[in-house]
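Report on the following structure.
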Amino acid sequence: MTLGVNIDHIAVLREARKINDPDPLMALAICAQSGADQITIHLREDRRHIHDEDARRIVAASPLPVNLECAIEPSIIDIVCALRPHRATLVPEKREEVTTEGGLDVTGNYQSILNAITKLNEHEIEVSLFIDPTREAIEASERLGVQWVELHTGSYANLYAMRHSALPHTHHAIKSLNLPRRDLDNLLENAYGALVDAANYARSLGLKVAAGHGLNYQNISPIVNIDTIEELNIGQSIIARSVFTGLATAVSDMKALCQR
């Protein structure tokens, strides 16, 4: 299974002080040498981490394919077309969110998404859609003619954390976390089953399948066991571990877990 390393959170550290250190560009060679197969970045409309100049330099200098996540907003699509990364992954965005929550509303935004896909394809950019693991979203993606879908693993990852960590006892706790373990087990099993079904269905329709969001060193193994998923895009947990181990070790540790 291939590993895309999302380096957005290196830029998050930089933006905390609004200076030029750390520079996300410095991660490219380290990721490549440590077993990463792809570099992933997200050029958000609010530019909260990766900036336009970051994206330009990364696409130009990366020794690995670059997967550029972006919204379907036309001005952003124009920038992506000018940069011509290996792939563009279309994602939903809300200014108030901490991170991308949920997949694209593929049916509700069908024409806008189709317009973005058409323009990206005209510039020979491979397209993926970041979607919830539902058959409806997969069928709409197949009709749109994209090459890839990336399944949103957030529900699985959140439930895994609720069941296997101290999350229910932290300041992040919400009322729903007070469920009995048996109920959490059932919810987690259902979330995982939805990913298995979605990946198998997407592959049966000829789509390539990636997955990502909230994946970490603890919860990745069950996802790796889904044969029809061929790529994972992981960022925050790798960059968080790198604070203690260094980026090379953090990437190589994750890559080792991606081996079937």
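If you're wondering about the labels, chains in the structure tokens are A, B, ... by order shown, residues count from 1 in each chain, ligands from 1 in order shown.
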Write out as CSV a residue-level contact list of stretch 56-79 of chain A versus stretch 101-112 of chain A with cut-off 9 Å: for each qualifying residue the closest pair of atoms and the distance in Å to one decimal, counting only C-alpha atoms, rows sorted by chain and residue number upward.
residue,atom,partner,partner_atom,distance
A:Ile72,CA,A:Ser112,CA,7.0
A:Glu73,CA,A:Ser112,CA,8.5
A:Pro74,CA,A:Ser112,CA,8.9
Given the selection you just returned, output its residues as a file containing C-alpha atoms, formatted as an mmCIF file, in the first residue's frame.
data_model
loop_
_atom_site.group_PDB
_atom_site.id
_atom_site.type_symbol
_atom_site.label_atom_id
_atom_site.label_comp_id
_atom_site.auth_asym_id
_atom_site.auth_seq_id
_atom_site.Cartn_x
_atom_site.Cartn_y
_atom_site.Cartn_z
ATOM 1 C CA ILE A 72 -13.960 23.402 -6.102
ATOM 2 C CA GLU A 73 -13.925 27.230 -5.974
ATOM 3 C CA PRO A 74 -13.006 28.392 -9.523
#
Residues near A:Arg84, cut-off 7 Å, only C-alpha atoms, skip fewer than 4 positions along chain, as a PDB file with C-alpha atoms, in the first residue's frame:
ATOM      1  CA  VAL A  80      -4.090  24.219  -9.483  1.00  0.00           C
ATOM      2  CA  HIS A 123      -4.591  20.421 -18.009  1.00  0.00           C
ATOM      3  CA  ILE A 125      -4.228  16.582 -14.007  1.00  0.00           C
TER       4      ILE A 125
END
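Between A:Arg182 and the candidates A:Arg163, A:His213, A:Thr153, A:Pro92, the tightest atom-to-atom separation, counting only C-alpha atoms, involves A:Arg163.
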(message) Which residues are close to A:His86, i.e. within 7 Å by only C-alpha atoms, leaving aside same-chain residues fewer than 6 positions away? Reply as a list in words.
(response) Pro65, Val66, Asn67, Ile125 and Glu126 of chain A
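Picture a line from atom CA of A:Ile117 to atom CA of A:Ile50; it runs 22.1 Å.
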**Prompt:** DSSP says strand (DSSP E) for which residues of stretch 9-161 of chain A? Put them as JSON, numbers by chain?
**Reply:** {"A": [38, 39, 40, 41, 42, 66, 67, 68, 69, 70, 87, 88, 89, 90, 126, 127, 128, 129, 130, 131, 148, 149, 150, 151, 152]}
DSSP alpha helix (DSSP H) selection over stretch 15-228 of chain A, as a PDB file with C-alpha atoms, in the first residue's frame:
ATOM      1  CA  GLU A  15       2.155  29.999  10.818  1.00  0.00           C
ATOM      2  CA  ALA A  16       1.989  29.833  14.619  1.00  0.00           C
ATOM      3  CA  ARG A  17       4.749  32.452  14.662  1.00  0.00           C
ATOM      4  CA  ALA A  27      10.455  17.856   4.123  1.00  0.00           C
ATOM      5  CA  LEU A  28      10.429  16.680   0.509  1.00  0.00           C
ATOM      6  CA  ALA A  29      13.771  14.884   0.360  1.00  0.00           C
ATOM      7  CA  ILE A  30      13.362  13.456   3.863  1.00  0.00           C
ATOM      8  CA  CYS A  31       9.959  11.983   2.989  1.00  0.00           C
ATOM      9  CA  ALA A  32      11.290  10.522  -0.258  1.00  0.00           C
ATOM     10  CA  GLN A  33      14.333   8.980   1.426  1.00  0.00           C
ATOM     11  CA  ASP A  52       0.473  29.769  -2.954  1.00  0.00           C
ATOM     12  CA  GLU A  53       4.262  30.097  -3.008  1.00  0.00           C
ATOM     13  CA  ASP A  54       4.606  26.926  -0.914  1.00  0.00           C
ATOM     14  CA  ALA A  55       2.475  25.045  -3.419  1.00  0.00           C
ATOM     15  CA  ARG A  56       4.453  26.386  -6.365  1.00  0.00           C
ATOM     16  CA  ARG A  57       7.813  25.453  -4.858  1.00  0.00           C
ATOM     17  CA  ILE A  58       6.656  22.019  -3.691  1.00  0.00           C
ATOM     18  CA  VAL A  59       5.190  21.027  -7.055  1.00  0.00           C
ATOM     19  CA  ALA A  60       8.308  22.288  -8.845  1.00  0.00           C
ATOM     20  CA  ALA A  61      10.835  20.643  -6.519  1.00  0.00           C
ATOM     21  CA  PRO A  74     -13.006  28.392  -9.523  1.00  0.00           C
ATOM     22  CA  SER A  75     -10.119  30.664  -8.525  1.00  0.00           C
ATOM     23  CA  ILE A  76      -8.490  27.802  -6.619  1.00  0.00           C
ATOM     24  CA  ILE A  77      -8.973  25.470  -9.574  1.00  0.00           C
ATOM     25  CA  ASP A  78      -7.254  28.069 -11.780  1.00  0.00           C
ATOM     26  CA  ILE A  79      -4.224  28.017  -9.462  1.00  0.00           C
ATOM     27  CA  VAL A  80      -4.090  24.219  -9.483  1.00  0.00           C
ATOM     28  CA  CYS A  81      -4.291  24.153 -13.282  1.00  0.00           C
ATOM     29  CA  ALA A  82      -1.373  26.580 -13.478  1.00  0.00           C
ATOM     30  CA  LEU A  83       0.706  24.481 -11.068  1.00  0.00           C
ATOM     31  CA  TYR A 110     -22.593  17.746  -9.156  1.00  0.00           C
ATOM     32  CA  GLN A 111     -22.344  20.459 -11.833  1.00  0.00           C
ATOM     33  CA  SER A 112     -19.772  22.554  -9.952  1.00  0.00           C
ATOM     34  CA  ILE A 113     -17.644  19.472  -9.366  1.00  0.00           C
ATOM     35  CA  LEU A 114     -17.990  18.456 -13.018  1.00  0.00           C
ATOM     36  CA  ASN A 115     -16.838  21.918 -14.115  1.00  0.00           C
ATOM     37  CA  ALA A 116     -13.748  21.633 -11.911  1.00  0.00           C
ATOM     38  CA  ILE A 117     -12.974  18.103 -13.140  1.00  0.00           C
ATOM     39  CA  THR A 118     -13.321  19.150 -16.785  1.00  0.00           C
ATOM     40  CA  LYS A 119     -10.880  22.016 -16.353  1.00  0.00           C
ATOM     41  CA  LEU A 120      -8.372  19.886 -14.436  1.00  0.00           C
ATOM     42  CA  ASN A 121      -8.525  17.141 -17.055  1.00  0.00           C
ATOM     43  CA  GLU A 122      -7.901  19.723 -19.783  1.00  0.00           C
ATOM     44  CA  ARG A 135     -22.501   3.820  -2.464  1.00  0.00           C
ATOM     45  CA  GLU A 136     -24.387   6.948  -3.533  1.00  0.00           C
ATOM     46  CA  ALA A 137     -21.218   9.048  -3.414  1.00  0.00           C
ATOM     47  CA  ILE A 138     -19.234   6.361  -5.223  1.00  0.00           C
ATOM     48  CA  GLU A 139     -21.805   6.037  -8.009  1.00  0.00           C
ATOM     49  CA  ALA A 140     -21.853   9.813  -8.496  1.00  0.00           C
ATOM     50  CA  SER A 141     -18.037   9.848  -8.584  1.00  0.00           C
ATOM     51  CA  GLU A 142     -18.005   7.158 -11.247  1.00  0.00           C
ATOM     52  CA  ARG A 143     -20.473   9.156 -13.362  1.00  0.00           C
ATOM     53  CA  LEU A 144     -18.246  12.218 -13.030  1.00  0.00           C
ATOM     54  CA  GLY A 154     -12.926  10.279  10.036  1.00  0.00           C
ATOM     55  CA  SER A 155     -15.876   8.395  11.563  1.00  0.00           C
ATOM     56  CA  TYR A 156     -13.790   5.241  11.927  1.00  0.00           C
ATOM     57  CA  ALA A 157     -10.826   7.149  13.392  1.00  0.00           C
ATOM     58  CA  ASN A 158     -12.970   9.090  15.866  1.00  0.00           C
ATOM     59  CA  LEU A 159     -14.742   5.980  17.087  1.00  0.00           C
ATOM     60  CA  TYR A 160     -11.442   4.129  17.377  1.00  0.00           C
ATOM     61  CA  ALA A 161     -10.107   6.941  19.578  1.00  0.00           C
ATOM     62  CA  MET A 162     -13.243   6.870  21.712  1.00  0.00           C
ATOM     63  CA  ARG A 163     -12.915   3.133  22.227  1.00  0.00           C
ATOM     64  CA  HIS A 164      -9.143   2.742  22.604  1.00  0.00           C
ATOM     65  CA  ARG A 181     -18.174   0.040  25.356  1.00  0.00           C
ATOM     66  CA  ARG A 182     -20.477  -2.486  23.711  1.00  0.00           C
ATOM     67  CA  ASP A 183     -22.227   0.312  21.810  1.00  0.00           C
ATOM     68  CA  LEU A 184     -18.902   1.862  20.795  1.00  0.00           C
ATOM     69  CA  ASP A 185     -17.720  -1.532  19.568  1.00  0.00           C
ATOM     70  CA  ASN A 186     -20.820  -1.837  17.389  1.00  0.00           C
ATOM     71  CA  LEU A 187     -20.438   1.676  16.007  1.00  0.00           C
ATOM     72  CA  LEU A 188     -16.761   1.089  15.269  1.00  0.00           C
ATOM     73  CA  GLU A 189     -17.518  -2.208  13.536  1.00  0.00           C
ATOM     74  CA  ASN A 190     -20.176  -0.499  11.421  1.00  0.00           C
ATOM     75  CA  ALA A 191     -17.845   2.367  10.467  1.00  0.00           C
ATOM     76  CA  TYR A 192     -15.134  -0.074   9.447  1.00  0.00           C
ATOM     77  CA  GLY A 193     -17.645  -2.199   7.526  1.00  0.00           C
ATOM     78  CA  ALA A 194     -18.780   0.878   5.610  1.00  0.00           C
ATOM     79  CA  LEU A 195     -15.173   1.504   4.517  1.00  0.00           C
ATOM     80  CA  VAL A 196     -14.742  -2.110   3.399  1.00  0.00           C
ATOM     81  CA  ASP A 197     -17.991  -2.052   1.420  1.00  0.00           C
ATOM     82  CA  ALA A 198     -17.238   1.341  -0.141  1.00  0.00           C
ATOM     83  CA  ALA A 199     -13.705   0.361  -1.169  1.00  0.00           C
ATOM     84  CA  ASN A 200     -14.862  -2.903  -2.721  1.00  0.00           C
ATOM     85  CA  TYR A 201     -17.720  -1.208  -4.552  1.00  0.00           C
ATOM     86  CA  ALA A 202     -15.556   1.605  -5.882  1.00  0.00           C
ATOM     87  CA  ARG A 203     -12.979  -0.860  -7.175  1.00  0.00           C
ATOM     88  CA  SER A 204     -15.734  -2.900  -8.856  1.00  0.00           C
ATOM     89  CA  ILE A 220      -4.054   2.102  10.652  1.00  0.00           C
ATOM     90  CA  SER A 221      -3.682  -1.702  10.660  1.00  0.00           C
ATOM     91  CA  PRO A 222      -7.350  -2.581   9.993  1.00  0.00           C
ATOM     92  CA  ILE A 223      -7.398  -0.100   7.099  1.00  0.00           C
ATOM     93  CA  VAL A 224      -4.234  -1.619   5.601  1.00  0.00           C
TER      94      VAL A 224
END
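For stretch 228-234 of chain A, the set of protein, DNA and RNA residues having any atom at most 6 Å away, when counting only C-alpha atoms and skipping those fewer than 6 positions along the same chain, is Met1, Thr2, Leu3, Gly4, Val5, Asn6, Ala199, Asn200, Val209, Ala210, Ala211 and Gly212 of chain A.
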Give me the residues within 7 Å of A:Leu68 as a ChimeraX atom specification, counting only C-alpha atoms and dropping any in the same chain fewer than 5 places off.
/A:40-42,85,87-89
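Remark: for A:Leu205, the closest of the candidate residues A:Val149, A:Ala256, A:Val251, A:Ala240 is A:Val149 (distances computed over only C-alpha atoms).
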